[in-house]
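Containing compact mmCIF, C-alpha atoms: data_2.txt.
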# COMPACT_ATOMS: atom_id res chain seq x y z
CA MET A 207 0.00 0.00 0.00
CA SER A 208 1.32 3.47 -0.82
CA SER A 209 1.91 5.40 2.37
CA SER A 210 -0.83 7.72 3.57
CA PRO A 211 -0.62 9.36 7.01
CA ALA A 212 -4.18 8.40 7.94
CA PHE A 213 -3.37 4.73 7.45
CA LEU A 214 -0.12 4.35 9.35
CA SER A 215 -2.22 3.05 12.28
CA THR A 216 -5.78 1.95 13.02
CA ASP A 217 -6.75 5.41 14.31
CA PHE A 218 -8.61 6.27 11.13
CA ILE A 219 -10.54 2.98 11.19
CA ARG A 220 -11.37 3.55 14.85
CA LYS A 221 -13.20 6.72 13.82
CA LEU A 222 -15.38 4.76 11.39
CA VAL A 223 -16.60 1.94 13.60
CA HIS A 224 -16.02 0.74 17.16
CA LEU A 225 -13.96 -2.45 17.23
CA THR A 226 -12.50 -4.65 19.95
CA ASP A 227 -8.75 -4.45 20.54
CA THR A 228 -8.33 -7.83 18.83
CA ALA A 229 -10.24 -6.69 15.75
CA GLU A 230 -8.24 -3.46 15.62
CA GLY A 231 -5.03 -5.48 15.61
CA GLU A 232 -6.30 -7.46 12.66
CA MET A 233 -6.99 -4.29 10.70
CA LEU A 234 -3.33 -3.99 9.64
CA PRO A 235 -3.43 -6.91 7.17
CA LEU A 236 -6.60 -5.46 5.68
CA LEU A 237 -5.01 -2.02 5.26
CA ASP A 238 -1.94 -3.60 3.68
CA SER A 239 -4.18 -5.17 1.04
CA PHE A 240 -5.40 -1.78 -0.16
CA THR A 241 -3.64 0.18 -2.88
CA TYR A 242 -3.60 3.95 -3.03
CA ALA A 243 -4.86 5.80 -6.09
CA GLU A 244 -5.54 9.36 -7.21
CA ILE A 245 -8.42 9.62 -9.68
CA PRO A 246 -9.31 12.71 -11.77
CA ALA A 247 -12.75 14.30 -11.58
CA ARG A 248 -15.50 12.93 -13.82
CA THR A 249 -13.89 9.49 -14.08
CA GLN A 250 -16.22 6.51 -14.36
CA LEU A 251 -15.13 3.77 -11.95
CA LEU A 252 -17.97 1.39 -12.79
CA ARG A 253 -20.59 1.10 -15.52
CA ALA A 254 -23.98 -0.59 -15.27
CA GLY A 255 -23.65 -4.13 -16.59
CA GLN A 256 -20.10 -4.54 -15.30
CA VAL A 257 -19.23 -6.67 -12.28
CA ALA A 258 -17.64 -4.60 -9.49
CA SER A 259 -14.12 -5.90 -9.07
CA GLU A 260 -13.17 -3.60 -6.18
CA ILE A 261 -14.45 -1.37 -3.40
CA TYR A 262 -12.97 1.88 -2.13
CA LEU A 263 -12.22 3.77 1.04
CA LEU A 264 -12.44 7.44 0.15
CA LEU A 265 -9.72 9.62 1.65
CA GLU A 266 -10.50 12.82 -0.23
CA GLY A 267 -13.10 13.86 -2.79
CA CYS A 268 -16.64 12.87 -3.70
CA LEU A 269 -18.07 9.89 -5.59
CA ARG A 270 -21.55 9.57 -7.07
CA LEU A 271 -23.59 6.40 -7.50
CA TYR A 272 -26.25 6.84 -10.16
CA TYR A 273 -28.70 5.03 -12.44
CA GLU A 274 -29.64 5.60 -16.05
CA LYS A 275 -33.26 5.47 -17.19
CA ASP A 276 -34.77 6.69 -20.46
CA GLY A 277 -31.57 8.52 -21.33
CA LYS A 278 -31.40 10.38 -18.03
CA ASP A 279 -29.25 9.72 -14.99
CA ILE A 280 -30.63 9.62 -11.46
CA SER A 281 -28.35 10.14 -8.47
CA GLY A 282 -28.71 7.40 -5.88
CA TYR A 283 -26.01 8.24 -3.34
CA PHE A 284 -22.96 10.42 -2.72
CA PHE A 285 -19.82 9.18 -0.96
CA THR A 286 -17.44 11.60 0.75
CA GLU A 287 -14.31 11.42 2.91
CA GLY A 288 -14.04 8.51 5.33
CA MET A 289 -16.72 6.41 3.64
CA PHE A 290 -16.41 2.94 2.17
CA SER A 291 -17.85 3.17 -1.31
CA GLY A 292 -18.65 1.13 -4.36
CA SER A 293 -21.34 -1.15 -5.73
CA TYR A 294 -21.58 -3.41 -2.69
CA ASP A 295 -24.27 -5.68 -4.08
CA SER A 296 -22.31 -6.32 -7.29
CA PHE A 297 -19.03 -6.69 -5.41
CA ILE A 298 -20.34 -9.16 -2.84
CA THR A 299 -22.40 -11.29 -5.25
CA GLN A 300 -20.06 -10.84 -8.25
CA THR A 301 -23.02 -10.11 -10.49
CA PRO A 302 -23.47 -7.19 -12.94
CA SER A 303 -24.12 -3.81 -11.36
CA VAL A 304 -27.34 -1.93 -12.08
CA HIS A 305 -25.74 1.45 -11.48
CA PHE A 306 -22.73 3.59 -12.34
CA ILE A 307 -20.09 5.08 -10.06
CA GLU A 308 -18.12 8.20 -11.00
CA THR A 309 -15.88 10.77 -9.36
CA ILE A 310 -17.39 14.24 -9.00
CA GLU A 311 -14.16 15.76 -7.74
CA PRO A 312 -10.50 14.65 -7.94
CA CYS A 313 -10.34 11.77 -5.48
CA LYS A 314 -7.72 10.13 -3.33
CA LEU A 315 -8.79 6.65 -2.31
CA LEU A 316 -7.73 3.20 -1.23
CA ARG A 317 -8.97 0.29 -3.33
CA ILE A 318 -9.13 -3.45 -2.70
CA GLY A 319 -10.00 -6.23 -5.16
CA TYR A 320 -12.49 -9.03 -4.60
CA ALA A 321 -9.93 -11.85 -4.27
CA ASP A 322 -7.81 -9.95 -1.72
CA PHE A 323 -10.94 -8.96 0.20
CA GLN A 324 -12.18 -12.56 0.44
CA SER A 325 -8.72 -13.78 1.43
CA ILE A 326 -8.54 -11.30 4.30
CA LEU A 327 -11.99 -12.32 5.57
CA ALA A 328 -11.01 -16.01 5.48
CA GLN A 329 -7.73 -15.45 7.34
CA HIS A 330 -9.07 -12.95 9.88
CA PRO A 331 -12.63 -13.80 11.02
CA ASN A 332 -12.89 -10.61 13.10
CA MET A 333 -12.94 -8.65 9.87
CA ASN A 334 -16.41 -10.03 9.21
CA LEU A 335 -17.59 -7.94 12.17
CA PHE A 336 -15.97 -4.86 10.68
CA VAL A 337 -17.60 -5.47 7.29
CA ARG A 338 -20.96 -6.09 8.92
CA LYS A 339 -20.76 -2.77 10.76
CA ILE A 340 -19.93 -0.94 7.53
CA LEU A 341 -22.83 -2.61 5.71
CA GLU A 342 -25.19 -1.84 8.59
CA GLU A 343 -24.31 1.85 8.40
CA ARG A 344 -24.81 1.86 4.64
CA PHE A 345 -28.17 0.08 5.02
CA ILE A 346 -29.36 2.65 7.57
CA ASP A 347 -28.37 5.52 5.25
CA LEU A 348 -30.13 4.00 2.25
CA HIS A 349 -33.21 3.11 4.27
CA GLN A 350 -33.45 6.68 5.52
CA HIS A 351 -33.16 7.96 1.95
CA PHE A 352 -35.81 5.50 0.72
CA THR A 353 -38.17 6.35 3.57
CA SER A 354 -37.76 10.08 3.03
CA HIS A 355 -38.99 9.73 -0.56
CA ILE A 356 -42.20 8.16 0.76
CA LEU A 357 -42.93 10.21 3.86
CA GLU A 358 -41.23 13.58 3.35
CA SER A 359 -41.54 16.46 0.92
CA PRO A 360 -38.58 17.46 -1.29
CA GLU A 361 -38.12 20.53 0.91
CA GLU A 362 -37.92 18.34 4.03
CA ARG A 363 -35.33 16.15 2.28
CA TYR A 364 -33.30 19.25 1.42
CA LEU A 365 -33.47 20.47 5.01
CA TRP A 366 -32.23 17.05 6.16
CA LEU A 367 -29.21 17.43 3.87
CA MET A 368 -28.59 20.92 5.25
CA GLN A 369 -28.44 19.47 8.75
CA HIS A 370 -26.68 16.15 8.19
CA ARG A 371 -24.59 16.49 5.00
CA PRO A 372 -24.28 20.22 4.30
CA ALA A 373 -21.06 19.89 2.29
CA LEU A 374 -22.96 18.12 -0.49
CA LEU A 375 -24.96 21.27 -1.15
CA GLU A 376 -21.77 23.05 -2.23
CA ARG A 377 -19.83 20.17 -3.77
CA VAL A 378 -22.47 18.43 -5.90
CA PRO A 379 -23.77 20.01 -9.14
CA GLN A 380 -27.36 21.20 -8.77
CA HIS A 381 -28.79 18.95 -11.48
CA GLN A 382 -27.27 15.88 -9.79
CA LEU A 383 -28.51 16.96 -6.38
CA ALA A 384 -31.98 17.55 -7.83
CA THR A 385 -32.35 13.95 -9.05
CA PHE A 386 -31.14 12.70 -5.67
CA LEU A 387 -33.95 14.67 -4.01
CA GLY A 388 -36.47 13.58 -6.66
CA VAL A 389 -37.10 17.03 -8.15
CA THR A 390 -36.13 19.05 -11.23
CA PRO A 391 -33.29 21.61 -11.06
CA VAL A 392 -35.91 24.38 -11.35
CA SER A 393 -37.84 22.99 -8.38
CA LEU A 394 -34.63 22.71 -6.40
CA SER A 395 -33.87 26.39 -7.05
CA ARG A 396 -37.33 27.29 -5.78
CA ILE A 397 -36.83 25.19 -2.65
CA ARG A 398 -33.52 26.90 -1.96
CA ASN A 399 -35.05 30.33 -2.46
CA ARG A 400 -37.95 29.57 -0.09
CA ILE A 401 -35.57 28.34 2.59
CA MET A 402 -33.34 31.39 2.22
CA ARG A 403 -36.32 33.73 2.50
CA ALA A 404 -37.54 31.84 5.55
CA GLY A 405 -34.08 32.08 7.12
CA LYS A 406 -33.94 28.39 7.99
As C-alpha cells, how would this structure be written, given the file I've shared?
Amino acid sequence: MSSSPAFLSTDFIRKLVHLTDTAEGEMLPLLDSFTYAEIPARTQLLRAGQVASEIYLLLEGCLRLYYEKDGKDISGYFFTEGMFSGSYDSFITQTPSVHFIETIEPCKLLRIGYADFQSILAQHPNMNLFVRKILEERFIDLHQHFTSHILESPEERYLWLMQHRPALLERVPQHQLATFLGVTPVSLSRIRNRIMRAGK
C-alpha cells in the first residue's frame, strides 16, 4: 500500500466503527491489502452491466452512485471522505451492477479487489464484524433515503441534507442533487429560495 498518514495506524478505522482491541489489531493486514490511487474528476469507476471488481475507502473527494433510465441519470447516493464506497451488491455477489459510479471531484482513495478482500476475511474472522458494521451503516443511510422519498416532501429532504450532510450542497452540481432529491433543477432552485427567504 502506498503510504498515507491516515493509514499508518488503526486510528482512522477507529473513527469509522467501534472495534475490539483484537479486531483493531487485525486491521493492519486489511489495510496492507489496499492500494492507493488518485483519480481525476468525472472518471467513471464502474458502468452498469459490469461486475464490481473492487471497493474503495475514500480519503479525499466525492463519488456519485447513479442510475440511467430513459436517457437520463438519477443520483442514488454520494460518498465523501471517510466512507467505504462502491457497488456493494455487485461486489459481494459478483453479479453485474445496475448502477454507475463516478468521481465528481478529484479523489484520493484506497482500493481493494475481490480476491484480496475474500482472502482477508477467510484469514481474519474478526474482519467479518468490521464489514458487517460498515454494511449496517450503509443500510441505515439507504433506508433513511428511501423512507424520506415516501414520507417527506422534497423541501424536508433538502433540510435534512442541510443538517446532516451540508457539504454536499456546495460540492455536488445542482442537477445531480436535484435527481437525488427527486425534483427538477428548477424545483430545487425554488426550494432553496424559499428556505433562504424563511431564514432556515
Any idea what the distance is between atom CA of A:Leu374 and atom CA of A:Phe386?
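These atoms are spaced 11.1 Å apart.
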Please list, as a list in words, the residues that have an atom at most 7 Å away from (-33.8, 17.1, -2.1) in the coordinates of this file, counting all atoms listed in the file.
Pro360, Glu361, Arg363, Tyr364, Leu383, Ala384, Phe386, Leu387, Gly388 and Val389 of chain A
One decimal place gives the atom CA of A:Arg398-atom CA of A:Pro379 separation as 13.9 Å
Which of A:Ser239, A:Ser291, A:Ser281, A:Thr301 sits closest to A:Gln256 [using all atoms listed in the file]
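Counting all atoms listed in the file, the residue closest to A:Gln256 is A:Thr301.
Interatomic distance, atom CA of A:Tyr273 to atom CA of A:Gln369: 25.6 Å.
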Contacts between stretch 286-290 of chain A and stretch 323-357 of chain A, please, where a residue of stretch 323-357 of chain A counts if it comes within 12 Å (with only C-alpha atoms); show its shortest atom pair and distance in Å to one decimal, rows by chain and ascending number, as JSON lines.
{"residue": "A:Phe336", "atom": "CA", "partner": "A:Phe290", "partner_atom": "CA", "distance": 11.6}
{"residue": "A:Val337", "atom": "CA", "partner": "A:Phe290", "partner_atom": "CA", "distance": 9.9}
{"residue": "A:Lys339", "atom": "CA", "partner": "A:Phe290", "partner_atom": "CA", "distance": 11.2}
{"residue": "A:Ile340", "atom": "CA", "partner": "A:Phe290", "partner_atom": "CA", "distance": 7.5}
{"residue": "A:Leu341", "atom": "CA", "partner": "A:Phe290", "partner_atom": "CA", "distance": 9.2}
{"residue": "A:Glu342", "atom": "CA", "partner": "A:Phe290", "partner_atom": "CA", "distance": 11.9}
{"residue": "A:Glu343", "atom": "CA", "partner": "A:Met289", "partner_atom": "CA", "distance": 10.1}
{"residue": "A:Arg344", "atom": "CA", "partner": "A:Phe290", "partner_atom": "CA", "distance": 8.8}
{"residue": "A:Asp347", "atom": "CA", "partner": "A:Met289", "partner_atom": "CA", "distance": 11.8}
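Distances to A:Tyr242 were evaluated for A:Glu266, A:Asn334, A:Ala373, A:Ser354 using all atoms listed in the file, and the minimum falls at A:Glu266.
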My list of candidates is A:Glu358, A:Glu308, A:Glu376, A:Glu260. Which is closest to A:Phe323 when distances are computed with all atoms listed in the file?
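Selected residue with least distance to A:Phe323: A:Glu260.
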Between A:Ile307, A:Leu269, A:Ile401, A:Cys313, single out the one closest to A:Ala243, counting all atoms listed in the file.
A:Cys313
Quick one: everything within 8 Å of A:Gln300, counting only C-alpha atoms, minus sequence neighbours fewer than 4 positions away in the same chain. Send it as a ChimeraX atom specification.
/A:257-259,295-296
With all atoms listed in the file as the counted atoms, please give the residues lying no more than 10 Å from A:Gly267, apart from itself and same-chain residues fewer than 4 positions off, as a ChimeraX atom specification.
/A:244-247,285-288,309-315,377
